[in-house]
Each structure stands twice: as structure tokens, then as C-alpha cells.
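Student: Structure file start_20.tsv, TSV, C-alpha atoms, is pasted below:
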chain	number	residue	atom	x	y	z
A	1333	MET	CA	0.00	0.00	0.00
A	1334	SER	CA	1.34	3.44	-0.98
A	1335	LYS	CA	2.13	5.85	1.85
A	1336	ASN	CA	1.36	9.56	1.66
A	1337	PRO	CA	4.77	11.22	1.04
A	1338	PHE	CA	3.84	14.70	2.26
A	1339	LYS	CA	4.33	15.93	5.82
A	1340	PHE	CA	3.39	19.15	7.60
A	1341	GLY	CA	2.98	20.56	11.09
A	1342	SER	CA	6.21	19.24	12.62
A	1343	ILE	CA	9.97	19.31	12.12
A	1344	VAL	CA	10.83	17.45	8.93
A	1345	ASP	CA	13.90	15.58	7.76
A	1346	ASP	CA	14.63	13.43	4.71
A	1347	PRO	CA	12.74	12.44	2.62
A	1348	HIS	CA	10.40	15.36	3.40
A	1349	PHE	CA	13.16	17.98	3.58
A	1350	ILE	CA	13.45	19.94	0.32
A	1351	ASN	CA	16.74	21.35	-0.97
A	1352	ARG	CA	17.95	24.31	1.18
A	1353	GLU	CA	21.51	23.32	0.18
A	1354	ASN	CA	22.79	26.92	0.23
A	1355	GLU	CA	21.22	27.57	3.63
A	1356	ILE	CA	22.58	24.30	5.04
A	1357	SER	CA	26.07	25.22	3.87
A	1358	ARG	CA	25.86	28.71	5.44
A	1359	VAL	CA	24.57	27.40	8.77
A	1360	MET	CA	27.15	24.60	8.88
A	1361	SER	CA	29.97	27.04	8.16
A	1362	LEU	CA	28.87	29.38	10.92
A	1363	LEU	CA	28.48	26.62	13.51
A	1364	ASP	CA	32.02	25.52	12.70
A	1365	SER	CA	33.20	28.96	13.80
A	1366	SER	CA	33.06	30.77	17.15
A	1367	ASN	CA	30.13	32.91	16.08
A	1368	HIS	CA	26.41	32.89	16.79
A	1369	LEU	CA	23.49	32.67	14.36
A	1370	ILE	CA	20.17	34.50	14.07
A	1371	ILE	CA	17.54	33.06	11.71
A	1372	ILE	CA	14.41	35.06	10.98
A	1373	SER	CA	11.44	33.95	8.90
A	1374	PRO	CA	7.63	33.82	9.15
A	1375	ARG	CA	6.13	30.92	11.07
A	1376	ARG	CA	6.09	27.54	9.32
A	1377	PHE	CA	8.82	28.43	6.85
A	1378	GLY	CA	11.07	25.65	8.17
A	1379	LYS	CA	13.54	27.40	10.52
A	1380	SER	CA	13.51	24.56	13.03
A	1381	SER	CA	13.70	21.87	10.34
A	1382	LEU	CA	16.72	23.60	8.82
A	1383	ILE	CA	18.68	24.02	12.04
A	1384	PHE	CA	17.92	20.50	13.30
A	1385	LYS	CA	18.95	18.97	9.98
A	1386	VAL	CA	22.32	20.75	10.27
A	1387	VAL	CA	22.98	19.92	13.94
A	1388	LYS	CA	22.07	16.29	13.28
A	1389	GLN	CA	24.93	16.18	10.76
A	1390	THR	CA	27.38	17.66	13.27
A	1391	THR	CA	26.65	15.02	15.98
A	1392	ARG	CA	27.33	17.75	18.56
A	1393	PRO	CA	25.29	18.05	21.81
A	1394	VAL	CA	22.21	20.26	21.46
A	1395	VAL	CA	20.00	22.04	23.99
A	1396	SER	CA	16.85	23.50	22.44
A	1397	ILE	CA	14.03	25.47	24.02
A	1398	ASP	CA	10.99	27.31	22.63
A	1399	LEU	CA	10.49	30.58	24.52
A	1400	GLN	CA	6.78	30.58	23.64
A	1401	ILE	CA	6.20	27.93	26.32
A	1402	ILE	CA	8.14	29.82	29.01
A	1403	THR	CA	6.22	31.82	31.60
A	1404	THR	CA	8.87	33.23	33.98
A	1405	VAL	CA	12.65	33.52	34.34
A	1406	GLU	CA	12.52	30.73	36.95
A	1407	ASP	CA	10.69	28.56	34.43
A	1408	PHE	CA	13.28	29.42	31.75
A	1409	ALA	CA	16.17	28.39	34.02
A	1410	ALA	CA	14.38	25.19	35.07
A	1411	GLN	CA	13.56	24.18	31.49
A	1412	LEU	CA	17.15	24.79	30.40
A	1413	LEU	CA	18.49	22.69	33.26
A	1414	LYS	CA	15.99	19.93	32.49
A	1415	ARG	CA	17.30	19.74	28.92
A	1416	ILE	CA	20.91	19.72	30.13
A	1417	TYR	CA	20.13	16.58	32.15
A	1418	ARG	CA	18.89	14.94	28.92
A	1419	VAL	CA	22.18	15.62	27.14
A	1420	TYR	CA	24.87	15.14	29.79
A	1421	HIS	CA	25.60	12.45	32.35
A	1422	PHE	CA	23.29	12.78	35.36
A	1423	GLU	CA	25.95	12.52	38.06
A	1424	LYS	CA	28.28	14.98	36.33
A	1425	VAL	CA	25.55	17.62	36.17
A	1426	LYS	CA	24.40	16.85	39.71
A	1427	GLN	CA	27.86	17.52	41.15
A	1428	ILE	CA	27.96	21.03	39.68
A	1429	VAL	CA	24.33	21.84	40.56
A	1430	ARG	CA	25.16	21.22	44.22
A	1431	ASN	CA	27.24	24.40	44.15
A	1432	PHE	CA	24.46	26.59	42.73
A	1433	ARG	CA	23.68	29.68	44.77
A	1434	ILE	CA	19.97	28.92	44.38
A	1435	ILE	CA	19.41	25.15	44.58
A	1436	PRO	CA	16.50	23.89	42.45
A	1437	THR	CA	14.09	21.14	43.44
A	1438	ILE	CA	14.98	18.08	41.38
A	1439	SER	CA	12.96	14.87	41.20
A	1440	ILE	CA	12.64	11.86	38.90
A	1441	ASN	CA	9.25	11.21	37.31
A	1442	PRO	CA	8.62	7.46	37.88
A	1443	VAL	CA	6.32	7.24	34.85
A	1444	ASN	CA	8.75	8.40	32.14
A	1445	ASN	CA	12.02	8.53	34.12
A	1446	GLU	CA	12.27	12.22	33.17
A	1447	VAL	CA	13.95	14.75	35.46
A	1448	ASP	CA	11.51	17.35	36.86
A	1449	ILE	CA	13.05	20.65	37.97
A	1450	ALA	CA	11.69	23.77	39.63
A	1451	PHE	CA	13.24	26.97	40.98
A	1452	GLN	CA	11.56	29.00	43.69
A	1453	SER	CA	10.57	32.54	42.78
A	1454	VAL	CA	13.34	34.98	43.72
A	1455	SER	CA	13.76	38.75	43.71
A	1456	SER	CA	17.01	38.64	41.73
A	1457	HIS	CA	17.18	36.25	38.78
A	1458	LEU	CA	20.78	36.88	37.79
A	1459	PRO	CA	22.52	34.36	40.13
A	1460	MET	CA	20.10	31.61	39.04
A	1461	LEU	CA	20.58	32.37	35.33
A	1462	GLU	CA	24.34	32.64	35.71
A	1463	ASP	CA	24.60	29.29	37.44
A	1464	VAL	CA	22.47	27.42	34.87
A	1465	MET	CA	24.01	29.00	31.78
A	1466	ASN	CA	27.57	28.82	33.07
A	1467	LEU	CA	26.92	25.15	33.82
A	1468	MET	CA	26.43	24.66	30.07
A	1469	GLU	CA	29.73	26.39	29.36
A	1470	LYS	CA	31.50	24.15	31.89
A	1471	LEU	CA	30.04	20.98	30.37
A	1472	SER	CA	30.92	22.00	26.81
A	1473	ASN	CA	34.40	21.82	25.31
A	1474	GLU	CA	36.28	22.88	22.20
A	1475	ARG	CA	36.29	19.37	20.73
A	1476	LYS	CA	32.51	18.93	20.89
A	1477	LYS	CA	30.98	22.35	21.42
A	1478	LEU	CA	27.44	22.61	22.69
A	1479	ILE	CA	24.80	24.18	20.42
A	1480	ILE	CA	22.02	26.07	22.21
A	1481	ILE	CA	18.89	26.84	20.17
A	1482	LEU	CA	16.54	29.51	21.53
A	1483	ASP	CA	13.38	29.43	19.40
A	1484	GLU	CA	10.95	32.36	19.16
A	1485	PHE	CA	13.59	34.48	20.87
A	1486	GLN	CA	11.52	37.67	20.53
A	1487	GLU	CA	9.45	36.29	23.43
A	1488	ALA	CA	12.32	37.07	25.84
A	1489	ARG	CA	10.95	40.56	26.50
A	1490	ARG	CA	7.53	39.14	27.40
A	1491	ILE	CA	9.10	36.77	29.94
A	1492	SER	CA	10.94	39.60	31.70
A	1493	PRO	CA	11.95	43.18	30.73
A	1494	ASP	CA	15.47	42.49	32.05
A	1495	LEU	CA	15.99	39.05	30.53
A	1496	LEU	CA	17.84	40.23	27.41
A	1497	LYS	CA	20.27	42.32	29.44
A	1498	GLN	CA	20.87	39.49	31.89
A	1499	LEU	CA	21.40	36.89	29.16
A	1500	ARG	CA	23.83	39.12	27.28
A	1501	SER	CA	25.89	39.76	30.42
A	1502	ILE	CA	26.32	36.01	30.89
A	1503	ILE	CA	26.75	34.49	27.44
A	1504	GLN	CA	29.17	37.11	26.12
A	1505	HIS	CA	31.83	35.28	28.16
A	1506	HIS	CA	31.06	31.82	26.77
A	1507	LYS	CA	33.75	30.43	24.47
A	1508	HIS	CA	32.61	26.84	23.94
A	1509	ILE	CA	28.99	27.36	22.89
A	1510	ASN	CA	27.32	28.33	19.60
A	1511	TYR	CA	24.03	30.12	20.22
A	1512	VAL	CA	21.28	29.96	17.59
A	1513	PHE	CA	18.42	32.45	17.91
A	1514	LEU	CA	15.27	31.72	15.89
A	1515	GLY	CA	12.43	34.21	15.49
A	1516	SER	CA	9.24	34.60	13.48
A	1517	GLN	CA	8.48	38.27	14.14
A	1518	GLU	CA	10.99	40.14	12.02
A	1519	SER	CA	10.44	43.63	13.44
A	1520	LEU	CA	10.93	42.44	17.05
A	1521	MET	CA	13.97	40.33	16.14
A	1522	ARG	CA	15.55	43.25	14.30
A	1523	ASP	CA	14.93	45.45	17.34
A	1524	ILE	CA	16.86	42.94	19.45
A	1525	PHE	CA	19.80	42.40	17.11
A	1526	GLU	CA	20.06	45.59	15.06
A	1527	LYS	CA	19.22	48.48	17.40
A	1528	LYS	CA	22.33	50.01	18.96
A	1529	LYS	CA	20.70	50.35	22.37
A	1530	SER	CA	19.80	46.64	22.50
A	1531	PRO	CA	22.04	44.35	24.63
A	1532	PHE	CA	22.20	41.93	21.67
A	1533	TYR	CA	23.19	44.52	19.05
A	1534	HIS	CA	25.18	42.73	16.31
A	1535	PHE	CA	25.57	39.66	18.53
A	1536	GLY	CA	25.58	37.18	15.64
A	1537	MET	CA	25.21	36.61	11.91
A	1538	LEU	CA	21.66	37.42	10.77
A	1539	MET	CA	20.08	35.15	8.17
A	1540	LEU	CA	16.66	35.69	6.58
A	1541	LEU	CA	15.07	32.40	5.54
A	1542	GLY	CA	12.91	32.73	2.45
A	1543	LYS	CA	10.56	30.36	0.67
A	1544	ILE	CA	11.78	27.18	-1.00
A	1545	PRO	CA	12.43	27.94	-4.71
A	1546	ARG	CA	9.41	27.01	-6.84
A	1547	GLU	CA	11.38	24.77	-9.19
A	1548	ASP	CA	12.67	22.67	-6.25
A	1549	PHE	CA	9.19	22.36	-4.79
A	1550	GLU	CA	7.78	21.40	-8.17
A	1551	VAL	CA	10.24	18.52	-8.56
A	1552	TYR	CA	9.38	17.32	-5.05
A	1553	LEU	CA	5.60	17.50	-5.60
A	1554	THR	CA	5.74	15.87	-9.02
A	1555	LYS	CA	7.69	12.93	-7.62
A	1556	GLY	CA	5.37	12.58	-4.61
A	1557	LEU	CA	2.17	12.62	-6.72
A	1558	HIS	CA	3.51	10.24	-9.38
A	1559	ALA	CA	2.10	7.16	-7.65
A	1560	VAL	CA	-1.50	8.43	-7.64
A	1561	THR	CA	-1.96	10.41	-10.88
A	1562	ARG	CA	-0.75	10.74	-14.45
A	1563	ASN	CA	-1.36	14.49	-14.20
A	1564	ASN	CA	1.25	14.97	-11.47
A	1565	VAL	CA	3.10	17.78	-13.30
A	1566	ARG	CA	-0.04	19.85	-13.91
A	1567	ILE	CA	-1.41	19.29	-10.39
A	1568	SER	CA	1.95	20.22	-8.84
A	1569	GLU	CA	1.95	23.51	-10.76
A	1570	GLU	CA	-1.63	24.28	-9.68
A	1571	ILE	CA	-0.84	23.55	-6.02
A	1572	LEU	CA	2.11	25.98	-6.11
A	1573	ASN	CA	-0.02	28.63	-7.87
A	1574	ILE	CA	-2.36	28.52	-4.88
A	1575	THR	CA	0.16	28.25	-2.03
A	1576	ASN	CA	2.82	30.46	-3.61
A	1577	SER	CA	5.47	27.97	-2.44
A	1578	HIS	CA	4.73	28.50	1.27
A	1579	PRO	CA	6.40	25.41	2.83
A	1580	TYR	CA	3.71	24.48	5.36
A	1581	TYR	CA	0.63	25.17	3.23
A	1582	THR	CA	2.15	23.49	0.17
A	1583	GLN	CA	2.82	20.29	2.10
A	1584	GLN	CA	-0.63	20.43	3.71
A	1585	LEU	CA	-2.53	20.92	0.45
A	1586	ALA	CA	-0.43	18.28	-1.33
A	1587	PHE	CA	-1.13	15.84	1.52
A	1588	VAL	CA	-4.91	16.21	1.13
A	1589	VAL	CA	-4.75	16.12	-2.69
A	1590	TRP	CA	-2.70	12.89	-2.52
A	1591	ASN	CA	-5.30	11.27	-0.24
A	1592	ILE	CA	-8.14	12.23	-2.59
A	1593	LEU	CA	-6.33	10.88	-5.63
A	1594	HIS	CA	-5.34	7.71	-3.78
A	1595	GLN	CA	-8.96	7.00	-2.88
A	1596	LYS	CA	-10.35	7.97	-6.29
A	1597	SER	CA	-7.70	8.13	-8.98
A	1598	GLU	CA	-8.04	10.99	-11.49
A	1599	SER	CA	-10.68	12.90	-9.52
A	1600	ASP	CA	-12.35	15.68	-11.55
A	1601	ASN	CA	-10.86	18.50	-9.49
A	1602	PRO	CA	-8.79	17.14	-6.59
A	1603	ILE	CA	-7.31	20.54	-5.67
A	1604	GLU	CA	-10.69	22.25	-5.32
A	1605	GLN	CA	-11.96	19.27	-3.32
A	1606	ALA	CA	-8.88	19.40	-1.09
A	1607	ILE	CA	-9.31	23.14	-0.46
A	1608	ASN	CA	-12.96	22.61	0.51
A	1609	GLU	CA	-11.94	19.84	2.91
A	1610	LEU	CA	-9.32	22.07	4.52
A	1611	ILE	CA	-11.81	24.92	4.90
A	1612	LEU	CA	-14.27	22.57	6.61
A	1613	MET	CA	-11.49	21.27	8.87
A	1614	HIS	CA	-10.77	24.83	10.01
A	1615	ASP	CA	-14.40	25.96	10.21
A	1616	MET	CA	-14.28	26.22	14.01
A	1617	ASP	CA	-11.06	28.27	13.82
A	1618	TYR	CA	-12.70	30.74	11.47
A	1619	GLU	CA	-15.76	31.00	13.72
A	1620	ILE	CA	-13.62	31.70	16.81
A	1621	LEU	CA	-11.68	34.36	14.88
A	1622	TRP	CA	-14.88	35.93	13.56
A	1623	ASN	CA	-16.33	36.16	17.07
A	1624	THR	CA	-13.29	38.15	18.26
A	1625	PHE	CA	-14.15	41.00	15.85
A	1626	ASN	CA	-16.35	43.87	16.96
A	1627	ARG	CA	-19.17	45.15	14.76
A	1628	THR	CA	-17.08	47.98	13.33
A	1629	ASP	CA	-14.41	45.49	12.18
Once you've parsed the file, please lay out its structure as C-alpha cells.
Tutor:
Amino acid sequence: MSKNPFKFGSIVDDPHFINRENEISRVMSLLDSSNHLIIISPRRFGKSSLIFKVVKQTTRPVVSIDLQIITTVEDFAAQLLKRIYRVYHFEKVKQIVRNFRIIPTISINPVNNEVDIAFQSVSSHLPMLEDVMNLMEKLSNERKKLIIILDEFQEARRISPDLLKQLRSIIQHHKHINYVFLGSQESLMRDIFEKKKSPFYHFGMLMLLGKIPREDFEVYLTKGLHAVTRNNVRISEEILNITNSHPYYTQQLAFVVWNILHQKSESDNPIEQAINELILMHDMDYEILWNTFNRTD
């Protein structure tokens, strides 16, 4: 039985990863240096997929955290430490944590054997942040440098007005870590990394991630649709005319079109049918959005 070759909504790797050879080369080159990287693009353009494809090739240790899920500085420090325990030997980390100025509560979840960590709320966050982030520097080394990925980094200001200043004061001294900052709100990210008054002014190499070139996407779609239709070239072109090569929406529409064609080969208008199905799937989303508008809107 044929399997749907299209994937959307999560980080993708081969065979779902499309081209990006130039971007991969640039990211790889930068991570081989002592510099830091900033990647900006709209949501669902494939920032995370790109960076995780590269770090997978390096085989270096990686700590990744999405700042959208973080509520407080204490939560940020705890989530970072939790991920450090996943990467490095438990006892080695434990020995250093014992010397923290603010000792976290650490327990083992008996269900999944995962480490649970919590810091108490404190008036000054700097000692806690310093201890956790300097722990990462101590664990890293020149031979196998740690890569730290901070996704949706523009959220730092929401977490705490002082977080950017505190982070900059700590990580500017780190020599064995490559930091990767991902962001989907270009104006806020540029404020952080391009305004002279910002603590992170010119802190790393800025890279804007665009859409996947249409010709690369067309080859990928044509190959994926080959098993279910003789009109794969024409349908691929029509899909891209609608999605304008947006990575997420192209994969999503192609996924539904493939299912339609697989169930009923050579459907009269599989793309229109797929669009109608997607609209129905998101009907509740549209209704919720509509109800947020006032009458004037």
C-alpha cells in the first residue's frame, strides 16, 4: 500500500526535507566557527527543520528550548536545566548543581524517568541564570561544542523586561557554545539584534530564511504525486499557484490532494476538493476568529 509522502505541522527531515543546500552550507559554516546565528522567517517556513537537519549532521550536543512555552525567568532556568540533564551524564551535572547559589528542586518522574526541575521565585534572577548558563559552558568543550537553540527568541521581552540584558551579560563570556536564535516576528527580532541600544546589538550573523524555490518544490511534488496520478506535473503547478510555495501550506494541500487521488484516482478537481476539505477542517477556527471581531471590524 502506498504511503502519503507529504508531511506538515512538525519538524521534517529526509525524505520530506526539500533542498535548502545553500542555507545548510551557510549554517554549517557558521556553527564551525566561534560565532552565533540569528535566523528570521515567518512561522512555518522551516527554521527549526533547517537548524535540526544541520545539527544532526554535526553530531554535537544540542540544547533546544521554545520561549513561547516559558512563563517566567525561573521557568526558563528550570527548562534549560531539564534539557541539560537529557544531554549530559546525570551525576556529572548533579555535582555542579550542588554548588548553585539557588538550589532547584529536582525529582525523577517514575512514569517516564524524566527529570523534573523547579526553581523558587526569587527577587534577583541573575545568580540563578548565571549558574544554569555557566553550567552549560563548563560541560561543553572545544572538541565537541554545545549548540544552544533559543526558538521564538523575541518572546524574551515578554518573559521579563530584564531578561535580554541578563542573558547578554552572561553568554558574552562563553567560548565553547554556539548560540542559535530563531524568530518569526521580524520587526521584534531586528529590534533585538540591530538596534544600537539593545544588549544583543550585532551579537551574531543574521540570516533571513525565504521560501523554498518554486522549481525545487515542483520537482518534489511531481515525484510525490507520481504514484496516484498521471497528471502529477499539472497538479503540482496548480498547487504551487495557490500556495505560492509556502512550505507548510504546500505540504498540507499536497497531503490532502494525494489522499483524494489515492482514494479515487483521477478525480475531476482534486485541488478544489482538497481546499474545501481544509476549509471545513478549520471551520471552528474561522468562527472563533470571527467572534473576536467587533461590529465595526
Student: Which value, in Å to one decimal, gives the distance between atom CA of Pro1374 of chain A and atom CA of His1578 of chain A?
Tutor: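 Atom CA of Pro1374 of chain A sits 9.9 Å away from atom CA of His1578 of chain A.
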Student: Of the residues A:Ile1372, A:Asn1444, A:Asn1336, A:Pro1459, which is the one nearest to Val1588 of chain A, using only C-alpha atoms?
Tutor: A:Asn1336
Student: Name the residues in contact with Tyr1580 of chain A at a cut-off of 6 Å, using only C-alpha atoms, excluding same-chain residues fewer than 3 positions from it; report them as number ranges by chain.
Tutor: A: 1340, 1376, 1583
Student: Just C-alpha atoms for this one: save the residues we selected as a PDB file, in the coordinates of the input.
Tutor:
ATOM      1  CA  PHE A1340       3.390  19.150   7.600  1.00  0.00           C
ATOM      2  CA  ARG A1376       6.090  27.540   9.320  1.00  0.00           C
ATOM      3  CA  GLN A1583       2.820  20.290   2.100  1.00  0.00           C
TER       4      GLN A1583
END
Student: Can you tell me how far atom CA of Ser1568 of chain A sits from atom CA of Asp1345 of chain A, in Å to one decimal?
Tutor: 21.0 Å
Student: Would you work out the distance separating atom CA of Lys1497 of chain A from atom CA of Phe1408 of chain A, expressed in Å to one decimal?
Tutor: 14.9 Å
Student: For Asn1354 of chain A, which residue among A:Ile1544, A:Ile1397, A:Val1443, A:Ile1480 is the nearest when counting only C-alpha atoms?
Tutor: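 The shortest atom-to-atom distance to Asn1354 of chain A comes from A:Ile1544.
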